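**Student:** Input file: coords26.tsv. Contents: TSV, N, CA and C atoms.
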chain	number	residue	atom	x	y	z
Q	1	MET	N	28.47	138.86	171.74
Q	1	MET	CA	29.40	139.93	171.48
Q	1	MET	C	30.72	139.39	170.93
Q	2	ARG	N	31.24	138.35	171.56
Q	2	ARG	CA	32.51	137.78	171.14
Q	2	ARG	C	32.43	137.25	169.72
Q	3	SER	N	31.31	136.62	169.34
Q	3	SER	CA	31.18	136.08	167.99
Q	3	SER	C	31.13	137.20	166.95
Q	4	SER	N	30.52	138.35	167.26
Q	4	SER	CA	30.49	139.44	166.30
Q	4	SER	C	31.87	140.07	166.14
Q	5	VAL	N	32.66	140.11	167.20
Q	5	VAL	CA	34.03	140.61	167.09
Q	5	VAL	C	34.85	139.65	166.24
Q	6	SER	N	34.71	138.35	166.45
Q	6	SER	CA	35.42	137.36	165.65
Q	6	SER	C	35.02	137.44	164.18
Q	7	PHE	N	33.73	137.62	163.93
Q	7	PHE	CA	33.24	137.74	162.56
Q	7	PHE	C	33.84	138.97	161.89
Q	8	LEU	N	33.87	140.10	162.59
Q	8	LEU	CA	34.43	141.32	162.04
Q	8	LEU	C	35.91	141.15	161.75
Q	9	ALA	N	36.65	140.52	162.64
Q	9	ALA	CA	38.08	140.28	162.41
Q	9	ALA	C	38.29	139.40	161.19
Q	10	ALA	N	37.49	138.35	161.05
Q	10	ALA	CA	37.60	137.47	159.88
Q	10	ALA	C	37.26	138.23	158.60
Q	11	LEU	N	36.25	139.07	158.64
Q	11	LEU	CA	35.87	139.85	157.47
Q	11	LEU	C	36.99	140.80	157.06
Q	12	LEU	N	37.63	141.45	158.02
Q	12	LEU	CA	38.74	142.35	157.72
Q	12	LEU	C	39.92	141.59	157.13
Q	13	LEU	N	40.21	140.42	157.67
Q	13	LEU	CA	41.29	139.60	157.12
Q	13	LEU	C	41.04	139.23	155.67
Q	14	LEU	N	39.83	138.82	155.37
Q	14	LEU	CA	39.49	138.43	154.01
Q	14	LEU	C	39.49	139.61	153.05
Q	15	SER	N	39.22	140.80	153.54
Q	15	SER	CA	39.16	141.97	152.66
Q	15	SER	C	40.53	142.54	152.36
Q	16	GLY	N	41.56	142.10	153.05
Q	16	GLY	CA	42.90	142.60	152.80
Q	16	GLY	C	43.12	143.99	153.38
Q	17	SER	N	42.29	144.42	154.30
Q	17	SER	CA	42.41	145.78	154.81
Q	17	SER	C	42.75	145.84	156.29
Q	18	VAL	N	43.43	144.85	156.79
Q	18	VAL	CA	43.80	144.84	158.20
Q	18	VAL	C	44.91	145.86	158.43
Q	19	ILE	N	44.74	146.69	159.44
Q	19	ILE	CA	45.75	147.68	159.79
Q	19	ILE	C	46.83	147.00	160.62
Q	20	ALA	N	48.06	147.33	160.31
Q	20	ALA	CA	49.19	146.71	160.98
Q	20	ALA	C	49.19	147.00	162.48
Q	21	GLU	N	49.47	146.00	163.25
Q	21	GLU	CA	49.71	146.17	164.67
Q	21	GLU	C	51.15	146.66	164.82
Q	22	ASP	N	51.43	147.43	165.83
Q	22	ASP	CA	52.78	147.93	166.03
Q	22	ASP	C	53.79	146.80	166.08
Q	23	GLY	N	53.44	145.68	166.71
Q	23	GLY	CA	54.39	144.59	166.91
Q	23	GLY	C	55.03	144.10	165.64
Q	24	GLU	N	54.25	143.65	164.68
Q	24	GLU	CA	54.80	143.09	163.44
Q	24	GLU	C	55.42	144.19	162.57
Q	25	GLY	N	54.73	145.29	162.41
Q	25	GLY	CA	55.27	146.40	161.61
Q	25	GLY	C	56.56	146.93	162.19
Q	26	ARG	N	56.57	147.09	163.49
Q	26	ARG	CA	57.79	147.60	164.15
Q	26	ARG	C	58.92	146.59	164.06
Q	27	ALA	N	58.62	145.31	164.24
Q	27	ALA	CA	59.66	144.29	164.14
Q	27	ALA	C	60.28	144.27	162.75
Q	28	LEU	N	59.44	144.39	161.73
Q	28	LEU	CA	59.94	144.44	160.35
Q	28	LEU	C	60.75	145.71	160.11
Q	29	TYR	N	60.28	146.84	160.63
Q	29	TYR	CA	61.02	148.10	160.52
Q	29	TYR	C	62.39	147.94	161.19
Q	30	ASP	N	62.40	147.42	162.41
Q	30	ASP	CA	63.67	147.26	163.13
Q	30	ASP	C	64.63	146.35	162.36
Q	31	ALA	N	64.11	145.29	161.75
Q	31	ALA	CA	64.95	144.33	161.04
Q	31	ALA	C	65.46	144.85	159.70
Q	32	HIS	N	64.66	145.64	158.99
Q	32	HIS	CA	65.00	146.00	157.62
Q	32	HIS	C	65.27	147.48	157.39
Q	33	CYS	N	64.81	148.35	158.26
Q	33	CYS	CA	64.86	149.79	157.99
Q	33	CYS	C	65.60	150.59	159.05
Q	34	GLY	N	65.51	150.16	160.29
Q	34	GLY	CA	66.00	150.95	161.42
Q	34	GLY	C	67.48	151.25	161.41
Q	35	ALA	N	68.30	150.37	160.86
Q	35	ALA	CA	69.75	150.61	160.86
Q	35	ALA	C	70.10	151.86	160.05
Q	36	CYS	N	69.39	152.09	158.96
Q	36	CYS	CA	69.67	153.25	158.11
Q	36	CYS	C	68.80	154.46	158.47
Q	37	HIS	N	67.52	154.23	158.66
Q	37	HIS	CA	66.60	155.34	158.96
Q	37	HIS	C	66.53	155.64	160.45
Q	38	GLN	N	67.22	154.85	161.26
Q	38	GLN	CA	67.31	154.98	162.71
Q	38	GLN	C	66.03	154.51	163.40
Q	39	PRO	N	66.17	153.96	164.60
Q	39	PRO	CA	65.01	153.44	165.32
Q	39	PRO	C	63.90	154.48	165.52
Q	40	ASN	N	64.27	155.75	165.64
Q	40	ASN	CA	63.27	156.81	165.85
Q	40	ASN	C	62.86	157.50	164.55
Q	41	GLY	N	63.33	157.00	163.41
Q	41	GLY	CA	62.96	157.56	162.11
Q	41	GLY	C	63.69	158.84	161.74
Q	42	SER	N	64.74	159.20	162.49
Q	42	SER	CA	65.43	160.47	162.27
Q	42	SER	C	66.37	160.47	161.07
Q	43	GLY	N	66.68	159.29	160.51
Q	43	GLY	CA	67.59	159.22	159.37
Q	43	GLY	C	69.01	159.59	159.77
Q	44	VAL	N	69.87	159.73	158.76
Q	44	VAL	CA	71.27	160.13	158.95
Q	44	VAL	C	71.53	161.27	157.97
Q	45	PRO	N	71.88	162.46	158.47
Q	45	PRO	CA	72.07	163.60	157.58
Q	45	PRO	C	72.98	163.28	156.39
Q	46	PHE	N	72.54	163.65	155.22
Q	46	PHE	CA	73.24	163.49	153.94
Q	46	PHE	C	73.43	162.03	153.52
Q	47	THR	N	72.97	161.09	154.32
Q	47	THR	CA	73.13	159.67	153.99
Q	47	THR	C	71.79	158.98	153.76
Q	48	GLN	N	70.89	159.04	154.74
Q	48	GLN	CA	69.56	158.43	154.64
Q	48	GLN	C	68.53	159.43	155.13
Q	49	PRO	N	67.42	159.57	154.42
Q	49	PRO	CA	66.41	160.56	154.82
Q	49	PRO	C	65.67	160.19	156.10
Q	50	ALA	N	65.25	161.22	156.80
Q	50	ALA	CA	64.40	161.04	157.97
Q	50	ALA	C	63.01	160.64	157.49
Q	51	LEU	N	62.31	159.88	158.31
Q	51	LEU	CA	60.94	159.48	158.01
Q	51	LEU	C	59.93	160.31	158.80
Q	52	ILE	N	60.41	161.16	159.68
Q	52	ILE	CA	59.54	161.99	160.51
Q	52	ILE	C	58.84	163.04	159.65
Q	53	LYS	N	57.51	163.07	159.75
Q	53	LYS	CA	56.69	164.03	158.99
Q	53	LYS	C	57.05	164.01	157.50
Q	54	SER	N	57.22	162.84	156.95
Q	54	SER	CA	57.66	162.67	155.57
Q	54	SER	C	56.52	162.90	154.58
Q	55	PRO	N	56.69	163.84	153.65
Q	55	PRO	CA	55.66	164.03	152.61
Q	55	PRO	C	55.42	162.75	151.80
Q	56	LYS	N	56.46	161.98	151.56
Q	56	LYS	CA	56.30	160.74	150.80
Q	56	LYS	C	55.48	159.70	151.55
Q	57	LEU	N	55.58	159.69	152.86
Q	57	LEU	CA	54.82	158.73	153.66
Q	57	LEU	C	53.41	159.21	153.96
Q	58	ASN	N	53.19	160.49	153.87
Q	58	ASN	CA	51.87	161.06	154.14
Q	58	ASN	C	51.03	161.23	152.89
Q	59	GLY	N	51.60	160.93	151.73
Q	59	GLY	CA	50.88	161.10	150.48
Q	59	GLY	C	50.38	159.78	149.91
Q	60	ASP	N	50.45	159.68	148.61
Q	60	ASP	CA	49.98	158.52	147.86
Q	60	ASP	C	50.68	157.24	148.33
Q	61	LYS	N	49.89	156.22	148.59
Q	61	LYS	CA	50.44	154.92	149.02
Q	61	LYS	C	51.44	154.38	148.01
Q	62	ASP	N	51.19	154.61	146.74
Q	62	ASP	CA	52.08	154.08	145.71
Q	62	ASP	C	53.50	154.63	145.82
Q	63	VAL	N	53.65	155.85	146.29
Q	63	VAL	CA	54.98	156.43	146.46
Q	63	VAL	C	55.74	155.65	147.52
Q	64	THR	N	55.07	155.37	148.63
Q	64	THR	CA	55.68	154.56	149.69
Q	64	THR	C	56.02	153.17	149.18
Q	65	LEU	N	55.07	152.54	148.50
Q	65	LEU	CA	55.27	151.17	148.03
Q	65	LEU	C	56.34	151.08	146.96
Q	66	GLU	N	56.40	152.06	146.08
Q	66	GLU	CA	57.45	152.06	145.04
Q	66	GLU	C	58.82	152.13	145.70
Q	67	MET	N	58.97	152.97	146.72
Q	67	MET	CA	60.25	153.09	147.40
Q	67	MET	C	60.64	151.79	148.09
Q	68	ILE	N	59.68	151.14	148.73
Q	68	ILE	CA	59.97	149.87	149.41
Q	68	ILE	C	60.30	148.79	148.39
Q	69	LEU	N	59.53	148.70	147.34
Q	69	LEU	CA	59.72	147.64	146.35
Q	69	LEU	C	60.99	147.83	145.51
Q	70	LEU	N	61.26	149.07	145.11
Q	70	LEU	CA	62.37	149.33	144.19
Q	70	LEU	C	63.61	149.92	144.85
Q	71	GLY	N	63.49	150.37	146.09
Q	71	GLY	CA	64.62	151.00	146.76
Q	71	GLY	C	65.04	152.26	146.04
Q	72	SER	N	66.33	152.54	146.00
Q	72	SER	CA	66.84	153.76	145.38
Q	72	SER	C	66.55	153.84	143.89
Q	73	GLU	N	66.24	152.71	143.27
Q	73	GLU	CA	65.89	152.74	141.84
Q	73	GLU	C	64.62	153.56	141.60
Q	74	ALA	N	63.83	153.79	142.63
Q	74	ALA	CA	62.60	154.58	142.51
Q	74	ALA	C	62.88	156.08	142.44
Q	75	VAL	N	64.11	156.49	142.76
Q	75	VAL	CA	64.48	157.91	142.78
Q	75	VAL	C	65.23	158.23	141.50
Q	76	PRO	N	64.72	159.18	140.71
Q	76	PRO	CA	65.43	159.55	139.48
Q	76	PRO	C	66.87	159.98	139.77
Q	77	ILE	N	67.79	159.57	138.95
Q	77	ILE	CA	69.21	159.90	139.11
Q	77	ILE	C	69.40	161.41	139.18
Q	78	GLY	N	70.20	161.83	140.14
Q	78	GLY	CA	70.52	163.24	140.29
Q	78	GLY	C	69.50	164.06	141.07
Q	79	THR	N	68.48	163.41	141.63
Q	79	THR	CA	67.45	164.17	142.35
Q	79	THR	C	67.49	163.96	143.86
Q	80	SER	N	68.40	163.15	144.35
Q	80	SER	CA	68.45	162.86	145.78
Q	80	SER	C	69.52	163.68	146.48
Q	81	ASP	N	69.21	164.11	147.69
Q	81	ASP	CA	70.18	164.83	148.53
Q	81	ASP	C	70.95	163.88	149.44
Q	82	TYR	N	70.75	162.57	149.25
Q	82	TYR	CA	71.33	161.57	150.15
Q	82	TYR	C	72.28	160.66	149.40
Q	83	SER	N	73.40	160.33	150.06
Q	83	SER	CA	74.41	159.47	149.42
Q	83	SER	C	74.16	157.99	149.61
Q	84	GLY	N	73.35	157.62	150.60
Q	84	GLY	CA	73.09	156.22	150.88
Q	84	GLY	C	72.17	155.59	149.84
Q	85	GLU	N	72.37	154.33	149.60
Q	85	GLU	CA	71.52	153.56	148.68
Q	85	GLU	C	70.55	152.72	149.49
Q	86	MET	N	69.31	152.68	149.07
Q	86	MET	CA	68.32	151.82	149.71
Q	86	MET	C	68.13	150.59	148.84
Q	87	PRO	N	68.27	149.40	149.42
Q	87	PRO	CA	68.06	148.19	148.61
Q	87	PRO	C	66.58	147.99	148.29
Q	88	ARG	N	66.34	147.18	147.29
Q	88	ARG	CA	64.97	146.76	146.98
Q	88	ARG	C	64.52	145.82	148.10
Q	89	PHE	N	63.28	145.94	148.51
Q	89	PHE	CA	62.71	145.02	149.49
Q	89	PHE	C	61.58	144.21	148.86
Q	90	ASP	N	61.68	144.00	147.55
Q	90	ASP	CA	60.67	143.21	146.84
Q	90	ASP	C	60.74	141.73	147.20
Q	91	VAL	N	61.75	141.33	147.96
Q	91	VAL	CA	61.84	139.95	148.43
Q	91	VAL	C	60.91	139.69	149.61
Q	92	LEU	N	60.44	140.75	150.26
Q	92	LEU	CA	59.47	140.59	151.34
Q	92	LEU	C	58.12	140.21	150.76
Q	93	SER	N	57.32	139.53	151.53
Q	93	SER	CA	55.98	139.14	151.09
Q	93	SER	C	55.08	140.36	151.04
Q	94	ASN	N	53.96	140.25	150.34
Q	94	ASN	CA	52.98	141.34	150.31
Q	94	ASN	C	52.51	141.68	151.72
Q	95	GLU	N	52.33	140.66	152.55
Q	95	GLU	CA	51.89	140.88	153.92
Q	95	GLU	C	52.94	141.66	154.71
Q	96	GLU	N	54.21	141.28	154.56
Q	96	GLU	CA	55.28	141.98	155.28
Q	96	GLU	C	55.40	143.43	154.82
Q	97	ILE	N	55.30	143.65	153.52
Q	97	ILE	CA	55.39	145.02	153.01
Q	97	ILE	C	54.20	145.85	153.50
Q	98	ALA	N	53.01	145.27	153.51
Q	98	ALA	CA	51.84	145.99	154.03
Q	98	ALA	C	52.05	146.37	155.49
Q	99	GLU	N	52.61	145.47	156.27
Q	99	GLU	CA	52.85	145.74	157.70
Q	99	GLU	C	53.86	146.86	157.89
Q	100	VAL	N	55.00	146.79	157.21
Q	100	VAL	CA	56.03	147.81	157.43
Q	100	VAL	C	55.61	149.14	156.82
Q	101	ALA	N	54.95	149.12	155.67
Q	101	ALA	CA	54.47	150.37	155.06
Q	101	ALA	C	53.43	151.03	155.96
Q	102	SER	N	52.52	150.23	156.50
Q	102	SER	CA	51.52	150.78	157.43
Q	102	SER	C	52.19	151.37	158.66
Q	103	TYR	N	53.20	150.69	159.15
Q	103	TYR	CA	53.92	151.16	160.33
Q	103	TYR	C	54.55	152.53	160.08
Q	104	VAL	N	55.33	152.68	159.00
Q	104	VAL	CA	56.01	153.95	158.78
Q	104	VAL	C	55.03	155.07	158.40
Q	105	ARG	N	53.90	154.71	157.79
Q	105	ARG	CA	52.90	155.71	157.41
Q	105	ARG	C	52.03	156.16	158.58
Q	106	THR	N	52.10	155.45	159.72
Q	106	THR	CA	51.29	155.81	160.88
Q	106	THR	C	52.13	156.09	162.13
Q	107	HIS	N	53.43	156.15	161.98
Q	107	HIS	CA	54.35	156.45	163.08
Q	107	HIS	C	55.30	157.56	162.63
Q	108	PHE	N	56.16	158.00	163.51
Q	108	PHE	CA	57.12	159.07	163.21
Q	108	PHE	C	56.40	160.36	162.81
Q	109	GLU	N	55.29	160.65	163.49
Q	109	GLU	CA	54.49	161.85	163.24
Q	109	GLU	C	53.90	161.87	161.82
Q	110	ASN	N	53.67	160.71	161.25
Q	110	ASN	CA	53.02	160.59	159.94
Q	110	ASN	C	51.57	160.16	160.13
Q	111	ASP	N	50.71	160.57	159.21
Q	111	ASP	CA	49.32	160.14	159.24
Q	111	ASP	C	48.84	159.73	157.85
Q	112	GLY	N	49.73	159.05	157.13
Q	112	GLY	CA	49.42	158.62	155.77
Q	112	GLY	C	48.42	157.47	155.69
Q	113	GLY	N	48.21	156.77	156.79
Q	113	GLY	CA	47.25	155.68	156.82
Q	113	GLY	C	47.85	154.33	156.51
Q	114	ALA	N	47.03	153.34	156.71
Q	114	ALA	CA	47.46	151.94	156.54
Q	114	ALA	C	47.50	151.55	155.06
Q	115	VAL	N	48.24	150.50	154.81
Q	115	VAL	CA	48.37	149.91	153.47
Q	115	VAL	C	47.88	148.47	153.57
Q	116	SER	N	47.08	148.04	152.62
Q	116	SER	CA	46.56	146.67	152.65
Q	116	SER	C	47.42	145.76	151.79
Q	117	VAL	N	47.23	144.48	151.98
Q	117	VAL	CA	47.91	143.47	151.16
Q	117	VAL	C	47.50	143.66	149.70
Q	118	ASP	N	46.24	144.00	149.46
Q	118	ASP	CA	45.78	144.25	148.08
Q	118	ASP	C	46.49	145.45	147.47
Q	119	ASP	N	46.73	146.50	148.26
Q	119	ASP	CA	47.49	147.66	147.77
Q	119	ASP	C	48.88	147.24	147.31
Q	120	VAL	N	49.52	146.39	148.11
Q	120	VAL	CA	50.87	145.94	147.79
Q	120	VAL	C	50.87	145.08	146.52
Q	121	ALA	N	49.93	144.18	146.41
Q	121	ALA	CA	49.85	143.32	145.22
Q	121	ALA	C	49.66	144.16	143.97
Q	122	ARG	N	48.80	145.16	144.04
Q	122	ARG	CA	48.56	146.04	142.89
Q	122	ARG	C	49.82	146.82	142.55
Q	123	ALA	N	50.49	147.37	143.57
Q	123	ALA	CA	51.72	148.13	143.33
Q	123	ALA	C	52.83	147.25	142.81
Q	124	ARG	N	52.93	146.04	143.34
Q	124	ARG	CA	53.97	145.12	142.85
Q	124	ARG	C	53.79	144.85	141.36
Q	125	ALA	N	52.55	144.61	140.94
Q	125	ALA	CA	52.28	144.38	139.52
Q	125	ALA	C	52.57	145.63	138.70
Q	126	LYS	N	52.20	146.77	139.22
Q	126	LYS	CA	52.40	148.05	138.50
Q	126	LYS	C	53.88	148.33	138.30
Q	127	PHE	N	54.67	148.21	139.36
Q	127	PHE	CA	56.10	148.57	139.26
Q	127	PHE	C	56.91	147.48	138.58
Q	128	ALA	N	56.48	146.25	138.67
Q	128	ALA	CA	57.18	145.17	137.96
Q	128	ALA	C	56.97	145.31	136.45
Q	129	GLY	N	55.82	145.90	136.07
Q	129	GLY	CA	55.50	146.08	134.65
Q	129	GLY	C	56.09	147.34	134.06
Q	130	GLY	N	56.77	148.14	134.90
Q	130	GLY	CA	57.41	149.36	134.40
Q	130	GLY	C	56.44	150.51	134.18
Q	131	ASP	N	55.23	150.43	134.75
Q	131	ASP	CA	54.27	151.54	134.58
Q	131	ASP	C	54.69	152.75	135.37
Give the structure from the file, written as C-alpha cells.

**Tutor:**
Amino acid sequence: MRSSVSFLAALLLLSGSVIAEDGEGRALYDAHCGACHQPNGSGVPFTQPALIKSPKLNGDKDVTLEMILLGSEAVPIGTSDYSGEMPRFDVLSNEEIAEVASYVRTHFENDGGAVSVDDVARARAKFAGGD
C-alpha cells in the first residue's frame, strides 16, 4: 500500500498537477498578498479588492495568472474601482505562483480549482509574448 501511494505521489509531481497544500500556498499568500488583500481575503474598500467569492478567481485560470504575473498592468486603464496598485509577481518561480494561485482559488469561499506548474509556464509564455 505504501509503495502505491509513493508511486502516485511521484506520478503527480512529474505531471505538474500537484494541488497546493495550505502550508506553502498560505505562507506565500501571507508573505506577498495578505498585507493588501488582508489575511482573510477581505481586501480594503476602494484600495484593494476582496478575494472572497471572486469571479476572477473562480473563472479561467489565465485570468488569475495574468493578474499575478502582471499585477495592475493586467487591468485596462480606467476600468478599476480600486486606487491601490498591485505589483508584478513574475519574479516568483512557476512553483511558487502555482502554490499561491491554487491557494487563493480554493480558499476565501472560492472553488476555482488548483493551478499546476505547467499552467503557470504556459501563462508566463503567453503574457510575456503580449498575447

**Student:** List as a PDB file with N, CA and C atoms, in the coordinates of the input the protein and nucleic acid residues near stretch 96-101 of chain Q, meaning an atom at most 8 Å away when only N, CA and C atoms are counted, but skip any in the same chain fewer than 4 places from it.

**Tutor:**
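Contents of around29.pdb, freshly written:
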ATOM      1  N   VAL Q  18      43.430 144.850 156.790  1.00  0.00           N
ATOM      2  CA  VAL Q  18      43.800 144.840 158.200  1.00  0.00           C
ATOM      3  C   VAL Q  18      44.910 145.860 158.430  1.00  0.00           C
ATOM      4  N   ILE Q  19      44.740 146.690 159.440  1.00  0.00           N
ATOM      5  CA  ILE Q  19      45.750 147.680 159.790  1.00  0.00           C
ATOM      6  C   ILE Q  19      46.830 147.000 160.620  1.00  0.00           C
ATOM      7  N   ALA Q  20      48.060 147.330 160.310  1.00  0.00           N
ATOM      8  CA  ALA Q  20      49.190 146.710 160.980  1.00  0.00           C
ATOM      9  C   ALA Q  20      49.190 147.000 162.480  1.00  0.00           C
ATOM     10  N   GLU Q  21      49.470 146.000 163.250  1.00  0.00           N
ATOM     11  CA  GLU Q  21      49.710 146.170 164.670  1.00  0.00           C
ATOM     12  C   GLU Q  21      51.150 146.660 164.820  1.00  0.00           C
ATOM     13  N   GLU Q  24      54.250 143.650 164.680  1.00  0.00           N
ATOM     14  CA  GLU Q  24      54.800 143.090 163.440  1.00  0.00           C
ATOM     15  C   GLU Q  24      55.420 144.190 162.570  1.00  0.00           C
ATOM     16  N   GLY Q  25      54.730 145.290 162.410  1.00  0.00           N
ATOM     17  CA  GLY Q  25      55.270 146.400 161.610  1.00  0.00           C
ATOM     18  C   GLY Q  25      56.560 146.930 162.190  1.00  0.00           C
ATOM     19  N   ARG Q  26      56.570 147.090 163.490  1.00  0.00           N
ATOM     20  CA  ARG Q  26      57.790 147.600 164.150  1.00  0.00           C
ATOM     21  C   ARG Q  26      58.920 146.590 164.060  1.00  0.00           C
ATOM     22  N   ALA Q  27      58.620 145.310 164.240  1.00  0.00           N
ATOM     23  CA  ALA Q  27      59.660 144.290 164.140  1.00  0.00           C
ATOM     24  C   ALA Q  27      60.280 144.270 162.750  1.00  0.00           C
ATOM     25  N   LEU Q  28      59.440 144.390 161.730  1.00  0.00           N
ATOM     26  CA  LEU Q  28      59.940 144.440 160.350  1.00  0.00           C
ATOM     27  C   LEU Q  28      60.750 145.710 160.110  1.00  0.00           C
ATOM     28  N   TYR Q  29      60.280 146.840 160.630  1.00  0.00           N
ATOM     29  CA  TYR Q  29      61.020 148.100 160.520  1.00  0.00           C
ATOM     30  C   TYR Q  29      62.390 147.940 161.190  1.00  0.00           C
ATOM     31  N   THR Q  64      55.070 155.370 148.630  1.00  0.00           N
ATOM     32  CA  THR Q  64      55.680 154.560 149.690  1.00  0.00           C
ATOM     33  C   THR Q  64      56.020 153.170 149.180  1.00  0.00           C
ATOM     34  N   LEU Q  65      55.070 152.540 148.500  1.00  0.00           N
ATOM     35  CA  LEU Q  65      55.270 151.170 148.030  1.00  0.00           C
ATOM     36  C   LEU Q  65      56.340 151.080 146.960  1.00  0.00           C
ATOM     37  N   ILE Q  68      59.680 151.140 148.730  1.00  0.00           N
ATOM     38  CA  ILE Q  68      59.970 149.870 149.410  1.00  0.00           C
ATOM     39  C   ILE Q  68      60.300 148.790 148.390  1.00  0.00           C
ATOM     40  N   LEU Q  69      59.530 148.700 147.340  1.00  0.00           N
ATOM     41  CA  LEU Q  69      59.720 147.640 146.350  1.00  0.00           C
ATOM     42  C   LEU Q  69      60.990 147.830 145.510  1.00  0.00           C
ATOM     43  N   PHE Q  89      63.280 145.940 148.510  1.00  0.00           N
ATOM     44  CA  PHE Q  89      62.710 145.020 149.490  1.00  0.00           C
ATOM     45  C   PHE Q  89      61.580 144.210 148.860  1.00  0.00           C
ATOM     46  N   VAL Q  91      61.750 141.330 147.960  1.00  0.00           N
ATOM     47  CA  VAL Q  91      61.840 139.950 148.430  1.00  0.00           C
ATOM     48  C   VAL Q  91      60.910 139.690 149.610  1.00  0.00           C
ATOM     49  N   LEU Q  92      60.440 140.750 150.260  1.00  0.00           N
ATOM     50  CA  LEU Q  92      59.470 140.590 151.340  1.00  0.00           C
ATOM     51  C   LEU Q  92      58.120 140.210 150.760  1.00  0.00           C
ATOM     52  N   ARG Q 105      53.900 154.710 157.790  1.00  0.00           N
ATOM     53  CA  ARG Q 105      52.900 155.710 157.410  1.00  0.00           C
ATOM     54  C   ARG Q 105      52.030 156.160 158.580  1.00  0.00           C
ATOM     55  N   THR Q 106      52.100 155.450 159.720  1.00  0.00           N
ATOM     56  CA  THR Q 106      51.290 155.810 160.880  1.00  0.00           C
ATOM     57  C   THR Q 106      52.130 156.090 162.130  1.00  0.00           C
ATOM     58  N   HIS Q 107      53.430 156.150 161.980  1.00  0.00           N
ATOM     59  CA  HIS Q 107      54.350 156.450 163.080  1.00  0.00           C
ATOM     60  C   HIS Q 107      55.300 157.560 162.630  1.00  0.00           C
ATOM     61  N   GLY Q 113      48.210 156.770 156.790  1.00  0.00           N
ATOM     62  CA  GLY Q 113      47.250 155.680 156.820  1.00  0.00           C
ATOM     63  C   GLY Q 113      47.850 154.330 156.510  1.00  0.00           C
ATOM     64  N   ALA Q 114      47.030 153.340 156.710  1.00  0.00           N
ATOM     65  CA  ALA Q 114      47.460 151.940 156.540  1.00  0.00           C
ATOM     66  C   ALA Q 114      47.500 151.550 155.060  1.00  0.00           C
ATOM     67  N   VAL Q 115      48.240 150.500 154.810  1.00  0.00           N
ATOM     68  CA  VAL Q 115      48.370 149.910 153.470  1.00  0.00           C
ATOM     69  C   VAL Q 115      47.880 148.470 153.570  1.00  0.00           C
ATOM     70  N   SER Q 116      47.080 148.040 152.620  1.00  0.00           N
ATOM     71  CA  SER Q 116      46.560 146.670 152.650  1.00  0.00           C
ATOM     72  C   SER Q 116      47.420 145.760 151.790  1.00  0.00           C
ATOM     73  N   VAL Q 117      47.230 144.480 151.980  1.00  0.00           N
ATOM     74  CA  VAL Q 117      47.910 143.470 151.160  1.00  0.00           C
ATOM     75  C   VAL Q 117      47.500 143.660 149.700  1.00  0.00           C
ATOM     76  N   ASP Q 118      46.240 144.000 149.460  1.00  0.00           N
ATOM     77  CA  ASP Q 118      45.780 144.250 148.080  1.00  0.00           C
ATOM     78  C   ASP Q 118      46.490 145.450 147.470  1.00  0.00           C
ATOM     79  N   ASP Q 119      46.730 146.500 148.260  1.00  0.00           N
ATOM     80  CA  ASP Q 119      47.490 147.660 147.770  1.00  0.00           C
ATOM     81  C   ASP Q 119      48.880 147.240 147.310  1.00  0.00           C
ATOM     82  N   VAL Q 120      49.520 146.390 148.110  1.00  0.00           N
ATOM     83  CA  VAL Q 120      50.870 145.940 147.790  1.00  0.00           C
ATOM     84  C   VAL Q 120      50.870 145.080 146.520  1.00  0.00           C
ATOM     85  N   ALA Q 121      49.930 144.180 146.410  1.00  0.00           N
ATOM     86  CA  ALA Q 121      49.850 143.320 145.220  1.00  0.00           C
ATOM     87  C   ALA Q 121      49.660 144.160 143.970  1.00  0.00           C
TER      88      ALA Q 121
END

**Student:** Rounded to one decimal in Å, what is the spacing between atom N of Q:Lys126 and atom C of Q:Ala35?

**Tutor:**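 Going from atom N of Q:Lys126 over to atom C of Q:Ala35, I get 27.9 Å.
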
**Student:** According to DSSP computed on the backbone, where in chain Q is there alpha helix (DSSP H)? Give the residues as a PyMOL selection string.

**Tutor:** chain Q and resi 2-15+22-32+34-37+55-58+61-70+94-106+117-128

**Student:** Could you check how far atom N of Q:Ser83 sits from atom N of Q:Ala123, in Å to one decimal?

**Tutor:**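 Interatomic distance, atom N of Q:Ser83 to atom N of Q:Ala123: 27.1 Å.
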
**Student:** Would you pick out the contacts of Q:Cys36 at 8 Å or less, using all atoms listed in the file, so that residues sharing its chain but fewer than 4 positions from it are not included, and give the list as a ChimeraX atom specification?

**Tutor:** /Q:32,41-44,47-50

**Student:** Which is closest to Q:Arg88 among Q:Val75, Q:Leu51, Q:Val104, Q:Met67, if we use only C-alpha atoms?

**Tutor:**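 Of the candidates, the smallest distance to Q:Arg88 is held by Q:Met67.
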
**Student:** Of the candidates Q:Gly34, Q:Gly59, Q:Pro87, Q:Pro45, which one gets nearest to Q:Asn110 if we count only C-alpha atoms?

**Tutor:**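 Using only C-alpha atoms, the shortest distance to Q:Asn110 belongs to Q:Gly59.
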
**Student:** Grab the atom N of Q:Phe46 to atom CA of Q:Tyr82 distance for me, in Å with one decimal place.

**Tutor:** 5.6 Å
